[in-house]
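J.: Following this line is target.pdb, made up of PDB, C-alpha atoms:
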```
ATOM      1  CA  MET A 973      65.063  98.906  86.041
ATOM      2  CA  PRO A 974      63.319  96.389  83.728
ATOM      3  CA  MET A 975      61.210  93.648  85.323
ATOM      4  CA  SER A 976      62.403  90.054  85.529
ATOM      5  CA  ALA A 977      60.323  87.071  84.416
ATOM      6  CA  ALA A 978      59.761  86.099  88.050
ATOM      7  CA  GLU A 979      58.478  89.574  88.970
ATOM      8  CA  ILE A 980      56.081  89.652  86.025
ATOM      9  CA  GLU A 981      54.756  86.159  86.711
ATOM     10  CA  GLU A 982      54.414  86.878  90.435
ATOM     11  CA  ALA A 983      52.473  90.085  89.806
ATOM     12  CA  ILE A 984      50.087  88.384  87.368
ATOM     13  CA  LEU A 985      49.517  85.348  89.597
ATOM     14  CA  ALA A 986      48.866  87.580  92.603
ATOM     15  CA  ALA A 987      46.096  89.377  90.728
ATOM     16  CA  LEU A 988      44.834  86.337  88.798
ATOM     17  CA  PRO A 989      45.021  83.296  91.073
ATOM     18  CA  GLY A 990      44.879  80.041  89.125
ATOM     19  CA  ALA A 991      46.293  81.604  85.972
ATOM     20  CA  LYS A 992      49.029  80.043  83.855
ATOM     21  CA  VAL A 993      51.746  82.450  82.667
ATOM     22  CA  GLU A 994      54.127  81.616  79.808
ATOM     23  CA  LEU A 995      56.855  84.235  79.340
ATOM     24  CA  THR A 996      59.186  84.654  76.375
ATOM     25  CA  ASP A 997      62.081  87.122  76.487
ATOM     26  CA  LEU A 998      61.820  88.656  73.007
ATOM     27  CA  ALA A 999      65.061  90.583  72.997
ATOM     28  CA  GLY A1000      67.170  89.006  75.744
ATOM     29  CA  ASP A1001      67.220  92.289  77.658
ATOM     30  CA  ASN A1002      64.590  91.729  80.374
ATOM     31  CA  ASP A1003      62.683  94.616  78.756
ATOM     32  CA  HIS A1004      60.801  93.081  75.834
ATOM     33  CA  TRP A1005      58.590  90.285  77.037
ATOM     34  CA  ALA A1006      55.814  88.248  75.490
ATOM     35  CA  ALA A1007      53.361  86.898  78.057
ATOM     36  CA  LYS A1008      50.718  84.305  77.288
ATOM     37  CA  VAL A1009      48.253  84.285  80.164
ATOM     38  CA  THR A1010      45.580  81.616  80.517
ATOM     39  CA  ALA A1011      43.144  82.487  83.272
ATOM     40  CA  PRO A1012      39.597  81.448  84.227
ATOM     41  CA  GLN A1013      38.879  85.081  85.130
ATOM     42  CA  PHE A1014      38.950  85.934  81.398
ATOM     43  CA  ALA A1015      35.820  83.943  80.641
ATOM     44  CA  GLY A1016      33.100  86.120  79.108
ATOM     45  CA  LEU A1017      35.289  89.219  78.961
ATOM     46  CA  SER A1018      36.151  91.192  75.818
ATOM     47  CA  ARG A1019      39.781  91.069  74.682
ATOM     48  CA  VAL A1020      40.285  94.628  75.897
ATOM     49  CA  LYS A1021      38.996  93.739  79.366
ATOM     50  CA  GLN A1022      41.121  90.581  79.470
ATOM     51  CA  HIS A1023      44.265  92.530  78.602
ATOM     52  CA  LYS A1024      43.342  95.234  81.129
ATOM     53  CA  LEU A1025      43.279  92.599  83.869
ATOM     54  CA  VAL A1026      46.865  91.737  82.972
ATOM     55  CA  TYR A1027      47.912  95.400  82.801
ATOM     56  CA  ASP A1028      46.193  96.138  86.108
ATOM     57  CA  ALA A1029      48.019  93.157  87.653
ATOM     58  CA  LEU A1030      51.268  94.877  86.686
ATOM     59  CA  GLY A1031      50.138  97.877  88.668
ATOM     60  CA  GLY A1032      50.690 100.702  86.251
ATOM     61  CA  ARG A1033      54.224  99.619  85.365
ATOM     62  CA  MET A1034      53.055  98.903  81.819
ATOM     63  CA  GLY A1035      54.337 101.545  79.456
ATOM     64  CA  GLY A1036      56.696 102.856  82.121
ATOM     65  CA  VAL A1037      59.261 100.604  83.773
ATOM     66  CA  LEU A1038      57.943  97.760  81.656
ATOM     67  CA  HIS A1039      58.538  99.150  78.193
ATOM     68  CA  ALA A1040      57.205  96.400  76.030
ATOM     69  CA  LEU A1041      55.010  93.528  77.082
ATOM     70  CA  GLN A1042      53.276  91.631  74.319
ATOM     71  CA  VAL A1043      50.184  90.111  75.894
ATOM     72  CA  THR A1044      48.155  87.197  74.622
ATOM     73  CA  THR A1045      45.200  86.116  76.725
ATOM     74  CA  VAL A1046      43.541  82.715  76.576
ATOM     75  CA  VAL A1047      40.355  81.509  78.204
ATOM     76  CA  PRO A1048      40.891  77.957  79.469
ATOM     77  CA  THR A1049      38.532  75.561  77.641
TER
ATOM     78  CA  MET B 832      48.255 118.816  84.601
ATOM     79  CA  SER B 833      48.697 117.262  81.173
ATOM     80  CA  ASN B 834      45.426 115.305  81.139
ATOM     81  CA  THR B 835      43.157 118.333  81.154
ATOM     82  CA  PRO B 836      39.626 117.714  79.779
ATOM     83  CA  ASP B 837      40.370 119.730  76.661
ATOM     84  CA  VAL B 838      42.843 117.062  75.452
ATOM     85  CA  HIS B 839      40.069 114.517  75.911
ATOM     86  CA  ALA B 840      37.767 116.784  73.900
ATOM     87  CA  ARG B 841      40.399 116.977  71.152
ATOM     88  CA  ILE B 842      40.681 113.179  71.155
ATOM     89  CA  ALA B 843      36.902 112.733  71.176
ATOM     90  CA  ASP B 844      36.709 115.008  68.151
ATOM     91  CA  LEU B 845      39.416 113.046  66.314
ATOM     92  CA  VAL B 846      37.783 109.661  66.930
ATOM     93  CA  SER B 847      34.291 110.866  66.085
ATOM     94  CA  SER B 848      35.205 112.705  62.898
ATOM     95  CA  ASN B 849      37.105 109.775  61.371
ATOM     96  CA  ASP B 850      35.801 106.213  60.892
ATOM     97  CA  VAL B 851      39.162 104.625  61.712
ATOM     98  CA  VAL B 852      41.891 106.352  63.737
ATOM     99  CA  LEU B 853      45.242 104.883  64.759
ATOM    100  CA  PHE B 854      47.136 106.730  67.465
ATOM    101  CA  MET B 855      50.726 105.617  66.916
ATOM    102  CA  LYS B 856      54.389 106.502  67.347
ATOM    103  CA  GLY B 857      55.562 107.898  64.035
ATOM    104  CA  THR B 858      53.636 107.719  60.764
ATOM    105  CA  PRO B 859      52.419 104.822  58.611
ATOM    106  CA  LEU B 860      55.360 105.456  56.288
ATOM    107  CA  PHE B 861      57.864 105.845  59.149
ATOM    108  CA  PRO B 862      56.605 104.018  62.254
ATOM    109  CA  GLN B 863      58.918 104.694  65.204
ATOM    110  CA  CYS B 864      58.095 101.592  67.246
ATOM    111  CA  GLY B 865      57.674  97.902  66.473
ATOM    112  CA  PHE B 866      54.182  97.716  67.913
ATOM    113  CA  SER B 867      53.052 100.730  65.901
ATOM    114  CA  ALA B 868      54.631  99.242  62.779
ATOM    115  CA  ARG B 869      52.670  96.027  63.296
ATOM    116  CA  ALA B 870      49.412  97.958  63.750
ATOM    117  CA  VAL B 871      50.067  99.799  60.470
ATOM    118  CA  ALA B 872      50.865  96.547  58.654
ATOM    119  CA  ILE B 873      47.605  95.001  59.880
ATOM    120  CA  LEU B 874      45.488  97.985  58.788
ATOM    121  CA  ASP B 875      47.232  98.120  55.420
ATOM    122  CA  HIS B 876      46.583  94.402  55.026
ATOM    123  CA  CYS B 877      42.888  95.005  55.756
ATOM    124  CA  GLY B 878      42.939  97.540  52.912
ATOM    125  CA  ILE B 879      40.886 100.175  54.668
ATOM    126  CA  ALA B 880      41.349 103.935  54.796
ATOM    127  CA  TYR B 881      42.415 105.286  58.190
ATOM    128  CA  GLU B 882      43.603 108.446  59.885
ATOM    129  CA  SER B 883      46.857 108.230  61.871
ATOM    130  CA  VAL B 884      47.934 110.501  64.710
ATOM    131  CA  ASP B 885      51.643 110.673  65.565
ATOM    132  CA  VAL B 886      51.690 110.957  69.352
ATOM    133  CA  LEU B 887      55.406 111.738  69.242
ATOM    134  CA  GLN B 888      54.490 115.097  67.704
ATOM    135  CA  ASP B 889      51.913 115.901  70.383
ATOM    136  CA  MET B 890      52.921 115.101  73.957
ATOM    137  CA  GLU B 891      49.559 116.223  75.333
ATOM    138  CA  ILE B 892      47.736 113.629  73.216
ATOM    139  CA  ARG B 893      50.440 111.069  74.000
ATOM    140  CA  GLN B 894      49.474 111.215  77.692
ATOM    141  CA  GLY B 895      45.817 112.184  77.263
ATOM    142  CA  ILE B 896      45.042 109.163  75.061
ATOM    143  CA  LYS B 897      46.045 106.812  77.877
ATOM    144  CA  THR B 898      43.552 108.306  80.331
ATOM    145  CA  TYR B 899      40.924 108.743  77.603
ATOM    146  CA  SER B 900      40.796 104.994  76.934
ATOM    147  CA  ASP B 901      42.188 103.823  80.287
ATOM    148  CA  TRP B 902      44.817 101.934  78.271
ATOM    149  CA  PRO B 903      48.506 102.351  79.151
ATOM    150  CA  THR B 904      50.228 101.934  75.807
ATOM    151  CA  ILE B 905      50.485 103.155  72.225
ATOM    152  CA  PRO B 906      49.342 102.309  69.516
ATOM    153  CA  GLN B 907      45.606 102.546  70.038
ATOM    154  CA  LEU B 908      42.995 101.782  67.383
ATOM    155  CA  TYR B 909      39.555 103.408  67.261
ATOM    156  CA  VAL B 910      36.773 102.361  64.877
ATOM    157  CA  LYS B 911      33.651 104.557  64.694
ATOM    158  CA  GLY B 912      34.716 106.253  67.913
ATOM    159  CA  GLU B 913      35.137 103.014  69.861
ATOM    160  CA  PHE B 914      38.451 101.909  71.366
ATOM    161  CA  ILE B 915      39.300  98.508  69.875
ATOM    162  CA  GLY B 916      42.690  97.802  71.393
ATOM    163  CA  GLY B 917      46.427  97.997  71.031
ATOM    164  CA  SER B 918      48.812  96.112  68.793
ATOM    165  CA  ASP B 919      48.359  92.789  70.587
ATOM    166  CA  ILE B 920      44.580  92.846  70.398
ATOM    167  CA  MET B 921      44.694  93.944  66.755
ATOM    168  CA  THR B 922      46.981  90.957  66.080
ATOM    169  CA  GLU B 923      44.729  88.501  67.939
ATOM    170  CA  MET B 924      41.606  89.855  66.223
ATOM    171  CA  PHE B 925      43.292  89.887  62.807
ATOM    172  CA  GLU B 926      44.455  86.282  63.164
ATOM    173  CA  ALA B 927      40.927  85.264  64.217
ATOM    174  CA  GLY B 928      39.396  87.225  61.305
ATOM    175  CA  GLU B 929      37.460  89.342  63.838
ATOM    176  CA  LEU B 930      39.117  92.623  62.834
ATOM    177  CA  GLN B 931      38.240  92.151  59.157
ATOM    178  CA  GLN B 932      34.650  91.328  60.184
ATOM    179  CA  LEU B 933      34.419  94.376  62.479
ATOM    180  CA  LEU B 934      35.696  96.681  59.728
ATOM    181  CA  ALA B 935      33.313  95.169  57.169
ATOM    182  CA  GLU B 936      30.333  95.482  59.543
ATOM    183  CA  SER B 937      31.285  99.074  60.376
ATOM    184  CA  GLY B 938      31.199  99.888  56.665
ATOM    185  CA  VAL B 939      34.469 101.789  56.741
ATOM    186  CA  ALA B 940      35.876 103.103  53.465
ATOM    187  CA  ARG B 941      38.435 101.087  51.491
ATOM    188  CA  ALA B 942      41.909 102.500  50.967
ATOM    189  CA  GLU B 943      42.327 104.106  47.517
TER
END
```
Could you rewrite the structure in this file as structure tokens?
T.:
Amino acid sequence: MPMSAAEIEEAILAALPGAKVELTDLAGDNDHWAAKVTAPQFAGLSRVKQHKLVYDALGGRMGGVLHALQVTTVVPT
Amino acid sequence: MSNTPDVHARIADLVSSNDVVLFMKGTPLFPQCGFSARAVAILDHCGIAYESVDVLQDMEIRQGIKTYSDWPTIPQLYVKGEFIGGSDIMTEMFEAGELQQLLAESGVARAE
């Protein structure tokens, strides 16, 4: 059962309080999302570590229930 | 258990015996997934030689690579044995010119 925008945003905000999440449904099927996440927690982290924070927030659903999530991380300036 | 240490040893061997390795779905000529296709396009654009591993042909590596790098998705790029990222990170780095710089600094071979 693919994840809805609300579920994705909720999961990310729960793990990254204060983050801003911008979601785009790439294919209109609730299964191919692009997520732009701006979070203070990313400061000083490598891109891999930033993306891992987002994947960890989704609690292992990445690559399983959530087939395709295109992640872009931004450190707030 | 599919993630036995020997699959990690196989992966470690692959990433240490090749400067640039892309674990992907399909092959550079016939990528089987949009993210893998983008990773191939980026590497081709960088004009460097690289080894590709089709995880669809090897289910043990397909699962083992995720625990090896603690990264849940495919494709995965390795340069000089180090995990660089998936398709999104390759895109971000490429757009920022960081990937080209990393490849130049690593002295990896050009594509013929």
J.: Give me, please, the distance in Å between atom CA of A:Pro1048 and atom CA of A:Leu995, quoted to one decimal.
T.: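 The value is 17.2 Å.
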J.: Pick out the residues sitting within 8 Å of stretch 875-882 of chain B, and hand them over as a list of chain:residue names; count all atoms listed in the file, and ignore anything fewer than 3 positions along from it in its own chain.
T.: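 Returned residues: B:Asn849, B:Asp850, B:Val851, B:Val852, B:Leu853, B:Val871, B:Ala872, B:Gln931, B:Val939, B:Ala940, B:Arg941, B:Ala942, B:Glu943.
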J.: Let me make sure I understand: among A:Val1020, A:Leu1030, A:Ala1011, A:Leu988, which one has the smallest atom-to-atom distance to chain B if we use all atoms listed in the file?
T.: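 For chain B, the nearest of the given residues is A:Val1020.
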J.: Quick one, how far is atom CA of A:Ile980 from atom CA of A:Asn1002?
T.: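 Between atom CA of A:Ile980 and atom CA of A:Asn1002 the gap works out to 10.4 Å.
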J.: So that I can see what lies close to A:Leu1038, please list as a VMD selection string the residues with an atom at most 10 Å from it, counting all atoms listed in the file and leaving out residues fewer than 2 positions away in the same chain.
T.: chain A and resid 973 to 976 980 1002 to 1005 1030 1032 to 1036 1040 to 1041
J.: Go through chain B residue by residue and, counting only C-alpha atoms, keep those with an atom at most 8 Å from chain A; for each kept residue give the shortest atom pair and its distance in Å to one decimal, ordered by chain and increasing number, as JSON lines.
T.:
```
{"residue": "B:Trp902", "atom": "CA", "partner": "A:Lys1024", "partner_atom": "CA", "distance": 7.4}
{"residue": "B:Pro903", "atom": "CA", "partner": "A:Gly1035", "partner_atom": "CA", "distance": 5.9}
{"residue": "B:Thr904", "atom": "CA", "partner": "A:Gly1035", "partner_atom": "CA", "distance": 5.5}
{"residue": "B:Ile915", "atom": "CA", "partner": "A:Val1020", "partner_atom": "CA", "distance": 7.2}
{"residue": "B:Gly916", "atom": "CA", "partner": "A:Val1020", "partner_atom": "CA", "distance": 6.0}
{"residue": "B:Asp919", "atom": "CA", "partner": "A:Val1043", "partner_atom": "CA", "distance": 6.2}
{"residue": "B:Ile920", "atom": "CA", "partner": "A:Arg1019", "partner_atom": "CA", "distance": 6.7}
{"residue": "B:Glu923", "atom": "CA", "partner": "A:Thr1044", "partner_atom": "CA", "distance": 7.6}
```
J.: Got time to write the residues from that selection, C-alpha atoms, as a short mmCIF file (atom, residue, chain, number, x, y, z; two decimals), in the frame of the given file?
T.:
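Generated output (part-v8.cif):
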```cif
data_model
loop_
_atom_site.label_atom_id
_atom_site.label_comp_id
_atom_site.auth_asym_id
_atom_site.auth_seq_id
_atom_site.Cartn_x
_atom_site.Cartn_y
_atom_site.Cartn_z
CA TRP B 902 44.82 101.93 78.27
CA PRO B 903 48.51 102.35 79.15
CA THR B 904 50.23 101.93 75.81
CA ILE B 915 39.30 98.51 69.88
CA GLY B 916 42.69 97.80 71.39
CA ASP B 919 48.36 92.79 70.59
CA ILE B 920 44.58 92.85 70.40
CA GLU B 923 44.73 88.50 67.94
#
```
J.: For the structure provided, state which residues fall under the PyMOL selection byres ((chain A and resi 1010) around 9), and present them as a list of chain:residue names.
T.: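 What the PyMOL selection byres ((chain A and resi 1010) around 9) grabs from the file is A:Gly990, A:Ala991, A:Lys992, A:Val993, A:Glu994, A:Lys1008, A:Val1009, A:Ala1011, A:Pro1012, A:Gln1013, A:Phe1014, A:Thr1044, A:Thr1045, A:Val1046, A:Val1047, A:Pro1048.
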J.: Which residues are close to A:Ala1029, i.e. within 6 Å by all atoms listed in the file, leaving aside same-chain residues fewer than 4 positions away? Reply as a list in words.
T.: Ala983, Ile984 and Ala987 of chain A
J.: Report the distance between atom CA of B:Ser867 and atom CA of B:Gly895 in Å, rounded to one decimal place.
T.: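 These two atoms are separated by 17.7 Å.
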J.: Any chance you could resolve the PyMOL selection byres ((chain B and resi 889) around 12) against this file and give the residues as an MDAnalysis selection string?
T.: chainID B and resid 833 838 841:842 854:857 884:888 890:896
J.: Restricted to C-alpha atoms, what would the selected residues look like written as a PDB file, keeping the file's coordinate frame?
T.:
```
ATOM      1  CA  SER B 833      48.697 117.262  81.173  1.00  0.00           C
ATOM      2  CA  VAL B 838      42.843 117.062  75.452  1.00  0.00           C
ATOM      3  CA  ARG B 841      40.399 116.977  71.152  1.00  0.00           C
ATOM      4  CA  ILE B 842      40.681 113.179  71.155  1.00  0.00           C
ATOM      5  CA  PHE B 854      47.136 106.730  67.465  1.00  0.00           C
ATOM      6  CA  MET B 855      50.726 105.617  66.916  1.00  0.00           C
ATOM      7  CA  LYS B 856      54.389 106.502  67.347  1.00  0.00           C
ATOM      8  CA  GLY B 857      55.562 107.898  64.035  1.00  0.00           C
ATOM      9  CA  VAL B 884      47.934 110.501  64.710  1.00  0.00           C
ATOM     10  CA  ASP B 885      51.643 110.673  65.565  1.00  0.00           C
ATOM     11  CA  VAL B 886      51.690 110.957  69.352  1.00  0.00           C
ATOM     12  CA  LEU B 887      55.406 111.738  69.242  1.00  0.00           C
ATOM     13  CA  GLN B 888      54.490 115.097  67.704  1.00  0.00           C
ATOM     14  CA  MET B 890      52.921 115.101  73.957  1.00  0.00           C
ATOM     15  CA  GLU B 891      49.559 116.223  75.333  1.00  0.00           C
ATOM     16  CA  ILE B 892      47.736 113.629  73.216  1.00  0.00           C
ATOM     17  CA  ARG B 893      50.440 111.069  74.000  1.00  0.00           C
ATOM     18  CA  GLN B 894      49.474 111.215  77.692  1.00  0.00           C
ATOM     19  CA  GLY B 895      45.817 112.184  77.263  1.00  0.00           C
ATOM     20  CA  ILE B 896      45.042 109.163  75.061  1.00  0.00           C
TER      21      ILE B 896
END
```
J.: Go through B:Val910, B:Ile873, B:Ile905, B:Ala840 and flag the residue nearest B:Glu926, using all atoms listed in the file for the distances.
T.: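 Ranking B:Val910, B:Ile873, B:Ile905, B:Ala840 by distance to B:Glu926, first place goes to B:Ile873.
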